[in-house]
>>> print(open('upload.csv').read())   # CSV, C-alpha atoms
chain,number,residue,atom,x,y,z
I,1,MET,CA,0.0,0.0,0.0
I,2,THR,CA,1.4,3.4,-0.9
I,3,VAL,CA,1.6,6.3,1.5
I,4,ALA,CA,-1.2,8.0,-0.3
I,5,GLU,CA,-3.4,4.9,-0.2
I,6,ALA,CA,-2.7,4.4,3.5
I,7,VAL,CA,-3.6,8.0,4.3
I,8,LYS,CA,-6.7,7.9,2.2
I,9,THR,CA,-8.0,4.7,3.8
I,10,ASN,CA,-7.1,6.0,7.2
I,11,ALA,CA,-5.1,2.8,7.8
I,12,ALA,CA,-2.3,5.3,8.7
I,13,PRO,CA,-3.4,8.8,9.4
I,14,PHE,CA,-1.0,11.5,8.2
I,15,VAL,CA,0.1,13.8,11.0
I,16,GLY,CA,0.4,17.3,9.4
I,17,MET,CA,2.2,20.4,10.5
I,18,GLY,CA,1.1,21.4,14.0
I,19,GLN,CA,-1.2,18.4,14.5
I,20,ILE,CA,-1.4,15.9,17.4
I,21,VAL,CA,-2.9,12.5,16.6
I,22,THR,CA,-3.2,9.5,18.8
I,23,ALA,CA,-3.6,5.9,17.8
I,24,GLN,CA,-3.9,2.3,19.0
I,25,PRO,CA,-3.1,-0.9,17.0
I,26,PRO,CA,-3.6,-1.6,14.2
I,27,THR,CA,-3.5,2.1,13.2
I,28,ARG,CA,-0.1,3.5,12.5
I,29,LEU,CA,0.9,7.1,12.3
I,30,LEU,CA,2.6,8.7,9.3
I,31,SER,CA,4.4,11.9,8.6
I,32,VAL,CA,7.0,13.6,6.5
I,33,LEU,CA,9.6,15.8,8.2
I,34,GLY,CA,12.1,18.5,7.2
I,35,SER,CA,13.0,21.0,9.9
I,36,CYS,CA,9.9,19.8,11.9
I,37,ILE,CA,10.2,17.3,14.7
I,38,ALA,CA,7.9,14.3,15.2
I,39,VAL,CA,7.5,13.6,18.9
I,40,CYS,CA,6.2,10.1,19.2
I,41,VAL,CA,5.1,9.3,22.8
I,42,PHE,CA,3.9,5.7,23.5
I,43,HIS,CA,2.9,3.5,26.4
I,44,PRO,CA,4.8,0.1,25.9
I,45,ARG,CA,2.3,-1.8,28.1
I,46,LEU,CA,-1.0,-0.2,27.0
I,47,LYS,CA,0.0,-0.1,23.3
I,48,ALA,CA,-1.2,3.4,22.7
I,49,ALA,CA,0.8,6.2,21.0
I,50,GLY,CA,0.6,9.7,19.9
I,51,MET,CA,2.5,11.9,17.5
I,52,ALA,CA,3.0,15.6,17.6
I,53,HIS,CA,4.3,17.3,14.5
I,54,VAL,CA,6.3,20.2,16.0
I,55,VAL,CA,7.1,23.2,13.7
I,56,LEU,CA,8.6,25.8,16.0
I,57,PRO,CA,10.5,25.7,19.3
I,58,ASP,CA,8.7,28.2,21.5
I,59,SER,CA,5.1,29.5,21.6
I,60,ALA,CA,6.4,32.7,23.3
I,61,GLY,CA,2.8,33.7,24.1
I,62,HIS,CA,1.6,33.2,20.5
I,63,SER,CA,-1.7,31.6,20.0
I,64,GLY,CA,-2.0,28.7,17.6
I,65,SER,CA,-2.6,25.0,17.5
I,66,PRO,CA,-0.8,23.5,20.6
I,67,GLY,CA,0.9,20.9,18.4
I,68,LYS,CA,2.8,23.6,16.5
I,69,PHE,CA,5.2,24.5,19.3
I,70,ALA,CA,7.5,22.3,21.3
I,71,ASP,CA,6.6,23.8,24.7
I,72,THR,CA,2.9,23.4,24.2
I,73,SER,CA,2.8,20.2,22.1
I,74,VAL,CA,4.2,17.8,24.8
I,75,PRO,CA,1.7,18.6,27.5
I,76,ALA,CA,-1.1,18.6,24.9
I,77,LEU,CA,0.0,15.2,23.6
I,78,LEU,CA,0.3,13.7,27.1
I,79,ALA,CA,-3.2,15.0,27.9
I,80,GLU,CA,-4.6,13.3,24.8
I,81,LEU,CA,-2.9,10.1,25.7
I,82,GLU,CA,-4.2,10.2,29.2
I,83,LYS,CA,-7.8,10.6,27.8
I,84,LEU,CA,-7.1,7.5,25.6
I,85,THR,CA,-5.5,5.2,28.1
I,86,GLY,CA,-6.4,6.6,31.6
I,87,ALA,CA,-2.6,6.4,32.4
I,88,LYS,CA,-0.7,9.5,33.7
I,89,ALA,CA,2.7,7.8,33.7
I,90,GLY,CA,4.7,5.0,32.0
I,91,TYR,CA,5.3,6.8,28.7
I,92,GLN,CA,8.4,6.8,26.6
I,93,ALA,CA,9.3,8.9,23.6
I,94,LYS,CA,11.1,8.6,20.2
I,95,VAL,CA,11.9,11.7,18.2
I,96,ALA,CA,12.9,12.4,14.6
I,97,GLY,CA,13.4,15.3,12.3
I,98,GLY,CA,15.0,18.7,12.7
I,99,ALA,CA,16.9,18.7,9.4
I,100,SER,CA,18.3,21.7,7.7
I,101,MET,CA,16.9,21.3,4.2
I,102,PHE,CA,18.6,24.2,2.6
I,103,ALA,CA,21.0,26.8,3.9
I,104,ALA,CA,19.1,29.0,6.3
I,105,SER,CA,19.7,32.7,6.0
I,106,GLY,CA,20.4,34.5,9.3
I,107,PRO,CA,21.2,32.9,12.7
I,108,LEU,CA,18.0,30.9,13.1
I,109,GLN,CA,18.7,27.2,12.5
I,110,ILE,CA,15.2,26.1,13.1
I,111,GLY,CA,15.7,22.3,12.9
I,112,ALA,CA,18.4,22.4,15.7
I,113,ALA,CA,16.3,24.8,17.7
I,114,ASN,CA,13.3,22.5,17.4
I,115,ALA,CA,15.3,19.5,18.5
I,116,ALA,CA,16.6,21.3,21.6
I,117,ALA,CA,13.2,22.6,22.6
I,118,VAL,CA,11.5,19.2,22.2
I,119,LYS,CA,14.2,17.5,24.4
I,120,ALA,CA,13.7,20.2,27.0
I,121,ALA,CA,9.9,19.8,26.9
I,122,LEU,CA,10.0,16.0,27.3
I,123,SER,CA,12.5,16.3,30.1
I,124,LYS,CA,10.2,18.8,31.9
I,125,ALA,CA,7.3,16.3,31.5
I,126,ASN,CA,9.5,13.4,32.8
I,127,VAL,CA,9.2,11.4,29.6
I,128,ARG,CA,12.3,9.6,28.7
I,129,ILE,CA,13.6,9.7,25.1
I,130,VAL,CA,14.5,6.1,24.3
I,131,ALA,CA,15.6,6.8,20.7
I,132,GLU,CA,16.2,9.7,18.4
I,133,HIS,CA,17.2,10.5,14.8
I,134,LEU,CA,17.8,14.2,14.4
I,135,GLY,CA,19.5,16.7,12.2
I,136,GLY,CA,21.2,16.2,8.9
I,137,GLY,CA,20.2,17.8,5.6
I,138,GLN,CA,17.6,15.4,4.2
I,139,GLY,CA,13.9,14.9,4.7
I,140,ARG,CA,12.5,11.9,6.5
I,141,ARG,CA,9.3,9.9,5.8
I,142,ILE,CA,8.3,8.2,9.1
I,143,GLU,CA,5.8,5.7,10.4
I,144,PHE,CA,5.1,4.9,14.0
I,145,ASP,CA,3.6,1.6,15.1
I,146,PRO,CA,1.9,1.7,18.5
I,147,LEU,CA,1.9,-2.1,18.7
I,148,GLU,CA,5.7,-2.5,18.7
I,149,GLY,CA,6.5,1.1,19.7
I,150,ALA,CA,8.7,1.1,16.5
I,151,LEU,CA,9.6,4.2,14.6
I,152,SER,CA,10.6,3.5,11.0
I,153,ILE,CA,12.4,6.2,9.0
I,154,GLU,CA,13.0,6.5,5.3
I,155,ILE,CA,15.6,8.8,3.9
I,156,GLN,CA,16.2,9.1,0.2
I,157,GLY,CA,19.2,7.0,-0.9
I,158,LEU,CA,19.7,5.3,2.4
I,159,PRO,CA,18.5,2.0,3.9
I,160,ALA,CA,15.3,2.2,6.0
I,161,ILE,CA,16.0,2.7,9.7
I,162,ILE,CA,13.9,1.2,12.5
I,163,LEU,CA,14.2,2.7,16.0
C,1,MET,CA,-10.2,22.5,-3.4
C,2,THR,CA,-9.3,25.3,-5.7
C,3,ARG,CA,-11.4,28.4,-5.2
C,4,LYS,CA,-12.6,30.3,-8.2
C,5,ILE,CA,-11.5,33.9,-8.2
C,6,ASP,CA,-15.1,35.2,-7.7
C,7,ALA,CA,-15.4,33.1,-4.5
C,8,MET,CA,-12.1,34.2,-3.0
C,9,VAL,CA,-11.8,36.7,-0.2
C,10,PRO,CA,-10.9,40.2,-1.4
C,11,GLU,CA,-7.3,39.9,-0.1
C,12,LEU,CA,-6.7,36.8,-2.2
C,13,VAL,CA,-8.3,38.4,-5.2
C,14,ILE,CA,-5.8,41.3,-4.9
C,15,LEU,CA,-2.9,38.9,-4.5
C,16,HIS,CA,-4.2,36.9,-7.5
C,17,GLU,CA,-4.0,40.0,-9.7
C,18,LEU,CA,-0.5,40.8,-8.5
C,19,PHE,CA,0.8,37.3,-9.0
C,20,GLY,CA,-0.9,37.1,-12.3
C,21,ALA,CA,1.0,40.1,-13.5
C,22,ALA,CA,4.3,38.7,-12.2
C,23,THR,CA,3.5,35.3,-13.8
C,24,HIS,CA,2.9,36.9,-17.2
C,25,GLU,CA,6.5,38.4,-17.1
C,26,ALA,CA,7.9,35.1,-15.9
C,27,SER,CA,6.2,33.3,-18.7
C,28,ALA,CA,7.8,35.6,-21.2
C,29,ALA,CA,11.2,34.9,-19.7
C,30,MET,CA,10.5,31.1,-19.7
C,31,CYS,CA,9.4,31.3,-23.3
C,32,ARG,CA,12.7,33.0,-24.4
C,33,TRP,CA,14.8,30.5,-22.3
C,34,THR,CA,13.1,27.5,-23.9
C,35,ASN,CA,12.9,28.9,-27.4
C,36,GLY,CA,9.2,29.3,-27.3
C,37,LEU,CA,8.5,25.8,-25.9
C,38,ILE,CA,7.2,26.5,-22.4
C,39,THR,CA,4.8,29.1,-21.0
C,40,LEU,CA,3.3,29.7,-17.6
C,41,SER,CA,0.0,30.7,-16.2
C,42,LEU,CA,-1.2,31.5,-12.6
C,43,ASP,CA,-3.2,28.5,-11.4
C,44,GLU,CA,-4.3,29.5,-8.0
C,45,VAL,CA,-3.7,31.7,-4.9
C,46,ARG,CA,-5.1,30.1,-1.8
C,47,GLU,CA,-4.8,29.8,1.9
C,48,ILE,CA,-4.5,26.3,3.3
C,49,PRO,CA,-4.4,25.3,7.0
C,50,LEU,CA,-0.9,24.4,7.9
C,51,GLU,CA,-1.8,20.9,9.0
C,52,SER,CA,-3.4,20.2,5.6
C,53,VAL,CA,-0.7,21.6,3.3
C,54,CYS,CA,0.9,18.2,2.7
C,55,GLN,CA,-2.5,16.5,2.1
C,56,GLU,CA,-3.6,19.2,-0.4
C,57,LEU,CA,-0.4,19.0,-2.4
C,58,ASP,CA,-0.3,15.4,-3.7
C,59,TRP,CA,3.4,15.5,-4.3
C,60,ALA,CA,4.3,16.3,-0.7
C,61,HIS,CA,4.5,12.6,0.4
C,62,GLU,CA,6.7,11.7,-2.5
C,63,LEU,CA,10.3,12.3,-3.6
C,64,VAL,CA,10.3,15.3,-5.9
C,65,THR,CA,12.9,17.1,-8.0
C,66,MET,CA,12.9,20.8,-6.9
C,67,VAL,CA,14.8,24.0,-7.4
C,68,VAL,CA,14.5,26.3,-4.4
C,69,LEU,CA,15.2,30.0,-4.2
C,70,SER,CA,15.1,32.0,-1.0
C,71,LEU,CA,14.2,35.6,-0.5
C,72,PRO,CA,16.0,36.4,2.8
C,73,GLY,CA,14.6,38.8,5.4
C,74,ASP,CA,11.3,39.7,6.9
C,75,VAL,CA,9.9,40.9,3.6
C,76,GLY,CA,10.7,37.8,1.6
C,77,GLY,CA,9.7,34.2,1.2
C,78,GLU,CA,10.6,31.0,-0.7
C,79,MET,CA,10.0,30.0,-4.3
C,80,ILE,CA,10.0,26.3,-5.1
C,81,LEU,CA,10.0,25.0,-8.7
C,82,THR,CA,8.9,21.3,-8.8
C,83,PHE,CA,9.2,18.8,-11.6
C,84,ASP,CA,8.2,15.2,-12.0
C,85,GLU,CA,11.4,13.3,-12.7
C,86,ALA,CA,10.8,12.5,-16.4
C,87,ASN,CA,9.8,16.0,-17.4
C,88,GLY,CA,12.7,17.5,-15.4
C,89,ARG,CA,15.1,15.3,-17.3
C,90,ARG,CA,13.4,16.2,-20.6
C,91,LEU,CA,13.8,19.9,-19.9
C,92,ALA,CA,17.4,19.6,-18.9
C,93,ALA,CA,18.1,17.6,-22.1
C,94,ALA,CA,16.4,20.1,-24.3
C,95,LEU,CA,18.3,23.0,-22.8
C,96,LEU,CA,21.6,21.1,-23.3
C,97,GLY,CA,20.7,20.0,-26.8
C,98,ARG,CA,20.9,16.3,-25.9
C,99,GLU,CA,18.7,13.2,-26.0
C,100,PRO,CA,17.1,12.8,-22.5
C,101,LYS,CA,18.1,9.9,-20.3
C,102,PHE,CA,15.8,8.8,-17.6
C,103,ASP,CA,18.0,6.7,-15.3
C,104,GLY,CA,21.1,7.2,-13.3
C,105,GLU,CA,22.2,10.1,-11.2
C,106,TRP,CA,21.7,13.6,-12.4
C,107,THR,CA,24.9,15.0,-13.8
C,108,ALA,CA,26.3,18.3,-12.7
C,109,LEU,CA,25.4,19.8,-16.1
C,110,GLU,CA,21.8,18.6,-15.9
C,111,LYS,CA,21.4,20.0,-12.4
C,112,SER,CA,22.9,23.3,-13.6
C,113,ALA,CA,20.4,23.5,-16.5
C,114,LEU,CA,17.5,23.1,-14.0
C,115,THR,CA,18.9,25.5,-11.5
C,116,GLU,CA,19.5,28.1,-14.2
C,117,THR,CA,15.8,27.6,-15.2
C,118,GLY,CA,14.9,28.3,-11.6
C,119,ASN,CA,17.2,31.3,-11.6
C,120,ILE,CA,15.6,32.8,-14.7
C,121,LEU,CA,12.1,32.3,-13.4
C,122,GLY,CA,12.9,33.5,-9.9
C,123,CYS,CA,14.5,36.7,-11.2
C,124,ALA,CA,11.7,37.4,-13.6
C,125,TYR,CA,9.1,37.0,-10.8
C,126,MET,CA,11.1,39.1,-8.3
C,127,ASN,CA,11.8,41.8,-10.8
C,128,ALA,CA,8.1,42.1,-11.6
C,129,LEU,CA,7.1,42.0,-7.9
C,130,THR,CA,9.8,44.6,-7.0
C,131,ARG,CA,8.3,46.9,-9.6
C,132,LEU,CA,4.7,46.3,-8.6
C,133,VAL,CA,5.2,46.3,-4.9
C,134,GLY,CA,8.0,48.9,-4.5
C,135,VAL,CA,10.3,46.7,-2.4
C,136,GLU,CA,13.5,45.2,-3.6
C,137,LEU,CA,13.4,41.4,-3.8
C,138,VAL,CA,16.6,39.7,-4.6
C,139,PRO,CA,16.5,35.9,-4.7
C,140,SER,CA,19.3,33.7,-3.4
C,141,PRO,CA,21.3,31.5,-5.8
C,142,PRO,CA,19.1,28.5,-6.6
C,143,TYR,CA,19.4,25.1,-4.8
C,144,PHE,CA,18.8,21.8,-6.6
C,145,VAL,CA,17.0,19.4,-4.2
C,146,GLN,CA,15.7,15.9,-4.6
C,147,ASP,CA,13.7,15.0,-1.5
C,148,TYR,CA,10.3,14.6,0.0
C,149,GLY,CA,8.2,17.5,-1.1
C,150,ALA,CA,6.8,18.1,2.4
C,151,SER,CA,10.3,18.3,3.9
C,152,VAL,CA,11.2,21.2,1.8
C,153,LEU,CA,7.8,22.9,2.2
C,154,GLN,CA,8.1,22.8,6.0
C,155,GLN,CA,11.3,24.9,6.1
C,156,ALA,CA,9.8,27.2,3.4
C,157,LEU,CA,6.7,27.7,5.6
C,158,VAL,CA,8.5,28.4,8.9
C,159,SER,CA,8.2,32.1,8.6
C,160,GLN,CA,4.4,32.0,7.9
C,161,ALA,CA,4.0,29.4,10.7
C,162,MET,CA,5.4,31.7,13.3
C,163,THR,CA,2.3,33.9,13.4
C,164,CYS,CA,-0.3,32.1,11.5
C,165,ASP,CA,-2.0,28.7,11.2
C,166,GLN,CA,-2.7,29.2,7.5
C,167,ALA,CA,-0.3,29.0,4.7
C,168,LEU,CA,-0.6,31.3,1.7
C,169,ILE,CA,0.4,29.4,-1.4
C,170,CYS,CA,0.6,30.7,-5.0
C,171,ARG,CA,0.8,28.0,-7.7
C,172,THR,CA,1.8,28.5,-11.3
C,173,ALA,CA,1.2,25.9,-14.0
C,174,PHE,CA,3.4,25.2,-17.0
C,175,ARG,CA,2.3,24.3,-20.5
C,176,ARG,CA,4.1,23.0,-23.6
C,177,ALA,CA,1.9,23.9,-26.5
C,178,ASP,CA,-1.5,22.3,-25.5
C,179,GLU,CA,0.0,19.9,-23.0
C,180,GLU,CA,-0.1,20.7,-19.3
C,181,LEU,CA,3.2,19.7,-17.7
C,182,ASN,CA,3.6,18.2,-14.3
C,183,TRP,CA,5.7,21.2,-13.1
C,184,ASN,CA,4.7,23.9,-10.7
C,185,VAL,CA,6.2,27.0,-9.2
C,186,PHE,CA,5.1,27.6,-5.6
C,187,PHE,CA,5.6,31.0,-4.0
C,188,LEU,CA,5.4,31.2,-0.3
C,189,PRO,CA,5.7,34.8,0.9
C,190,THR,CA,6.3,35.9,4.4
C,191,LEU,CA,3.4,37.7,6.1
C,192,ALA,CA,5.4,41.0,5.9
C,193,LEU,CA,5.7,40.6,2.1
C,194,ARG,CA,2.1,39.7,1.8
C,195,LYS,CA,1.2,42.9,3.7
C,196,ARG,CA,3.4,45.0,1.5
C,197,MET,CA,1.8,43.5,-1.6
C,198,GLU,CA,-1.7,44.1,-0.3
C,199,ASP,CA,-0.8,47.7,0.7
C,200,ALA,CA,0.7,48.3,-2.8
C,201,LEU,CA,-2.4,47.3,-4.6
C,202,HIS,CA,-4.7,49.1,-2.2
C,203,SER,CA,-2.7,52.3,-2.8
C,204,THR,CA,-3.3,52.1,-6.6
C,205,THR,CA,-7.1,51.6,-6.3
>>> encode(input="upload.csv", output="structure tokens")
Amino acid sequence: MTVAEAVKTNAAPFVGMGQIVTAQPPTRLLSVLGSCIAVCVFHPRLKAAGMAHVVLPDSAGHSGSPGKFADTSVPALLAELEKLTGAKAGYQAKVAGGASMFAASGPLQIGAANAAAVKAALSKANVRIVAEHLGGGQGRRIEFDPLEGALSIEIQGLPAIIL
Amino acid sequence: MTRKIDAMVPELVILHELFGAATHEASAAMCRWTNGLITLSLDEVREIPLESVCQELDWAHELVTMVVLSLPGDVGGEMILTFDEANGRRLAAALLGREPKFDGEWTALEKSALTETGNILGCAYMNALTRLVGVELVPSPPYFVQDYGASVLQQALVSQAMTCDQALICRTAFRRADEELNWNVFFLPTLALRKRMEDALHSTT
């Protein structure tokens, strides 16, 4: 099944920029990342997961969808997962993304800033990052499977990676 | 989900007029560059929720050949020229006076032919917008990129995403005689540039 087919049939919802989506097996979560970060939080025992597609590091008082900013997305994602599972604790995280797709002008390296902010937000929420695949200069197409807690990553020209 | 011009909000109608004028000039430049083969027309100017951008643009999930030009600064944006692989190779071959080949790595010369195409289009657009809007817009040297479309779009949309949950996207279509080509130019202005464009058109009415 192609990505487009999986998305259309909702076998694997696509998590767009600024979105937070939760899932239980057999549903998987898909996304494509450049400078954005996918924060995948999952409960290994309860087999539930959520993905936040973080675009910017800091809300700095700006309004907007909570999933867009690292500092607001982590609490919002955990709240959605607690609604789904009833569990407040026992979560782990895997993160990917934060590339620099083409030379950024000026001092803002948004991919690196997003990565740092996501790590800080997860640390503040006491969620341990058990795997990460960050940085570089290429896009990532990713899929998260809540059953196995596995994050698979495709990068053009490289073998697929499973974290 | 393309909106017809008469159903667009007034701000988008204004921007459609302005980009239409710039596209007309870019089309003339493209026509000269390709010895009359290729022309452009403005396809749409629309606002899409950030979370839906990748879904709305079918190519975002896939590997795409692109040439990217940046307009640095607050009053700036990104321009992305996208090709499907086969037509990108055909254009490069036509510009180099060779038979196209459809496999193997892109050579430095083929990439150079496409980036120069992006350069010509980008400069034509920016010269027109500079004159119409009254602000100097100087594009960066073009980058040749082959990657997932959404990956490039995300970085291009960062500036808009900082203050807005909607993305303004202007799409231009390409034609060769009566055939529509699977190429597009996407222009993603910053909010500051968008405001300058709207102000420029308001001041002339």
>>> closest_atom_pairs(input="upload.csv", of="range 78-158 of chain I", to="range 26-46 of chain I", cutoff="8 Å", atoms="all atoms listed in the file", output="CSV")
residue,atom,partner,partner_atom,distance
I:Leu78,CA,I:Val41,CA,7.8
I:Thr85,CA,I:Leu46,CA,7.1
I:Gly90,CA,I:His43,CA,6.1
I:Tyr91,CA,I:His43,CA,4.7
I:Gln92,CA,I:Phe42,CA,5.6
I:Ala93,CA,I:Val41,CA,4.3
I:Lys94,CA,I:Cys40,CA,5.2
I:Val95,CA,I:Val39,CA,4.8
I:Ala96,CA,I:Ala38,CA,5.4
I:Gly97,CA,I:Ile37,CA,4.5
I:Gly98,CA,I:Ser35,CA,4.1
I:Ala99,CA,I:Ser35,CA,4.6
I:Ser100,CA,I:Ser35,CA,5.8
I:Met101,CA,I:Gly34,CA,6.3
I:Ile110,CA,I:Ser35,CA,6.4
I:Gly111,CA,I:Ser35,CA,4.2
I:Asn114,CA,I:Ile37,CA,6.6
I:Ala115,CA,I:Ile37,CA,6.7
I:Val118,CA,I:Val39,CA,7.6
I:Gln138,CA,I:Gly34,CA,7.0
I:Gly139,CA,I:Gly34,CA,4.7
I:Arg140,CA,I:Leu33,CA,5.1
I:Arg141,CA,I:Val32,CA,4.4
I:Ile142,CA,I:Ser31,CA,5.4
I:Glu143,CA,I:Leu30,CA,4.5
I:Phe144,CA,I:Leu29,CA,5.0
I:Asp145,CA,I:Arg28,CA,4.9
I:Pro146,CA,I:Arg28,CA,6.6
I:Leu147,CA,I:Pro26,CA,7.1
I:Glu148,CA,I:Pro44,CA,7.7
I:Gly149,CA,I:Pro44,CA,6.5
>>> atom_distance(input="upload.csv", atom1="CA of Asp58 in chain I", atom2="CA of Gln109 in chain I")
13.5 Å
>>> atom_distance(input="upload.csv", atom1="CA of Ala113 in chain C", atom2="CA of Ala92 in chain C")
5.5 Å
>>> closest_residue(input="upload.csv", among="I:Ala89, I:Leu77, I:Val15, I:Ala49", to="Arg128 in chain I", atoms="only C-alpha atoms")
I:Ala89
>>> residues_near_point(input="upload.csv", point="(8.5, 33.6, 2.8)", cutoff="9 Å", atoms="all atoms listed in the file", output="ChimeraX atom specification")
/C:70-79,156-160,187-194
>>> write_last_selection(input="upload.csv", atoms="C-alpha atoms", output="JSON list (two decimals), in the frame of the given file")
[["chain", "number", "residue", "atom", "x", "y", "z"],
["C", 70, "SER", "CA", 15.10, 32.00, -1.00],
["C", 71, "LEU", "CA", 14.20, 35.60, -0.50],
["C", 72, "PRO", "CA", 16.00, 36.40, 2.80],
["C", 73, "GLY", "CA", 14.60, 38.80, 5.40],
["C", 74, "ASP", "CA", 11.30, 39.70, 6.90],
["C", 75, "VAL", "CA", 9.90, 40.90, 3.60],
["C", 76, "GLY", "CA", 10.70, 37.80, 1.60],
["C", 77, "GLY", "CA", 9.70, 34.20, 1.20],
["C", 78, "GLU", "CA", 10.60, 31.00, -0.70],
["C", 79, "MET", "CA", 10.00, 30.00, -4.30],
["C", 156, "ALA", "CA", 9.80, 27.20, 3.40],
["C", 157, "LEU", "CA", 6.70, 27.70, 5.60],
["C", 158, "VAL", "CA", 8.50, 28.40, 8.90],
["C", 159, "SER", "CA", 8.20, 32.10, 8.60],
["C", 160, "GLN", "CA", 4.40, 32.00, 7.90],
["C", 187, "PHE", "CA", 5.60, 31.00, -4.00],
["C", 188, "LEU", "CA", 5.40, 31.20, -0.30],
["C", 189, "PRO", "CA", 5.70, 34.80, 0.90],
["C", 190, "THR", "CA", 6.30, 35.90, 4.40],
["C", 191, "LEU", "CA", 3.40, 37.70, 6.10],
["C", 192, "ALA", "CA", 5.40, 41.00, 5.90],
["C", 193, "LEU", "CA", 5.70, 40.60, 2.10],
["C", 194, "ARG", "CA", 2.10, 39.70, 1.80]]
>>> closest_atom_pairs(input="upload.csv", of="chain C", to="chain I", cutoff="10 Å", atoms="all atoms listed in the file", output="tab-separated table")
residue	atom	partner	partner_atom	distance
C:Pro49	CA	I:Met17	CA	8.9
C:Leu50	CA	I:Met17	CA	5.7
C:Glu51	CA	I:Gly16	CA	4.2
C:Ser52	CA	I:Gly16	CA	6.1
C:Val53	CA	I:Gly16	CA	7.5
C:Cys54	CA	I:Gly16	CA	6.8
C:Gln55	CA	I:Gly16	CA	7.9
C:Asp58	CA	I:Ala4	CA	8.2
C:Trp59	CA	I:Ala4	CA	9.7
C:Ala60	CA	I:Val32	CA	8.1
C:His61	CA	I:Val32	CA	6.7
C:Glu62	CA	I:Val3	CA	8.4
C:Leu63	CA	I:Gln156	CA	7.7
C:Val68	CA	I:Phe102	CA	8.4
C:Leu69	CA	I:Phe102	CA	9.6
C:Ser70	CA	I:Ser105	CA	8.4
C:Leu71	CA	I:Ser105	CA	9.0
C:Pro72	CA	I:Ser105	CA	6.1
C:Gly73	CA	I:Ser105	CA	8.0
C:Ser140	CA	I:Ser105	CA	9.5
C:Tyr143	CA	I:Phe102	CA	7.5
C:Phe144	CA	I:Phe102	CA	9.5
C:Val145	CA	I:Phe102	CA	8.5
C:Gln146	CA	I:Gln156	CA	8.3
C:Asp147	CA	I:Gly139	CA	6.2
C:Tyr148	CA	I:Gly139	CA	5.9
C:Gly149	CA	I:Gly139	CA	8.5
C:Ala150	CA	I:Val32	CA	6.1
C:Ser151	CA	I:Gly34	CA	3.8
C:Val152	CA	I:Gly34	CA	6.1
C:Leu153	CA	I:Gly34	CA	7.9
C:Gln154	CA	I:Gly34	CA	6.0
C:Gln155	CA	I:Ser35	CA	5.7
C:Ala156	CA	I:Met101	CA	9.3
C:Leu157	CA	I:Val55	CA	9.3
C:Val158	CA	I:Val55	CA	7.2
C:Ser159	CA	I:Leu56	CA	9.7
C:Ala161	CA	I:Val55	CA	7.6
C:Met162	CA	I:Leu56	CA	7.2
C:Thr163	CA	I:His62	CA	7.2
C:Cys164	CA	I:Gly64	CA	7.2
C:Asp165	CA	I:Gly64	CA	6.4
>>> atom_distance(input="upload.csv", atom1="CA of Arg32 in chain C", atom2="CA of Arg46 in chain C")
28.9 Å
>>> closest_residue(input="upload.csv", among="C:Leu95, C:Leu37, C:Leu201, C:Leu81", to="Leu129 in chain C", atoms="all atoms listed in the file")
C:Leu201
>>> closest_residue(input="upload.csv", among="I:Ala12, I:Ala150, I:Ile129, I:Ala117", to="Thr72 in chain I", atoms="all atoms listed in the file")
I:Ala117
>>> closest_residue(input="upload.csv", among="I:Leu163, I:Pro25, I:Val74, I:Leu84", to="Asn126 in chain I", atoms="all atoms listed in the file")
I:Val74
>>> residues_near_point(input="upload.csv", point="(-3.7, 27.9, 4.3)", cutoff="6 Å", atoms="only C-alpha atoms", output="list in words")
Glu47, Ile48, Pro49, Leu50, Gln166, Ala167 and Leu168 of chain C
>>> closest_residue(input="upload.csv", among="C:Glu25, C:Glu136, C:Glu85, C:Glu180", to="Phe102 in chain C", atoms="all atoms listed in the file")
C:Glu85
>>> closest_residue(input="upload.csv", among="I:Val130, I:Ala125, I:Leu81, I:Ile161", to="Lys47 in chain I", atoms="only C-alpha atoms")
I:Leu81
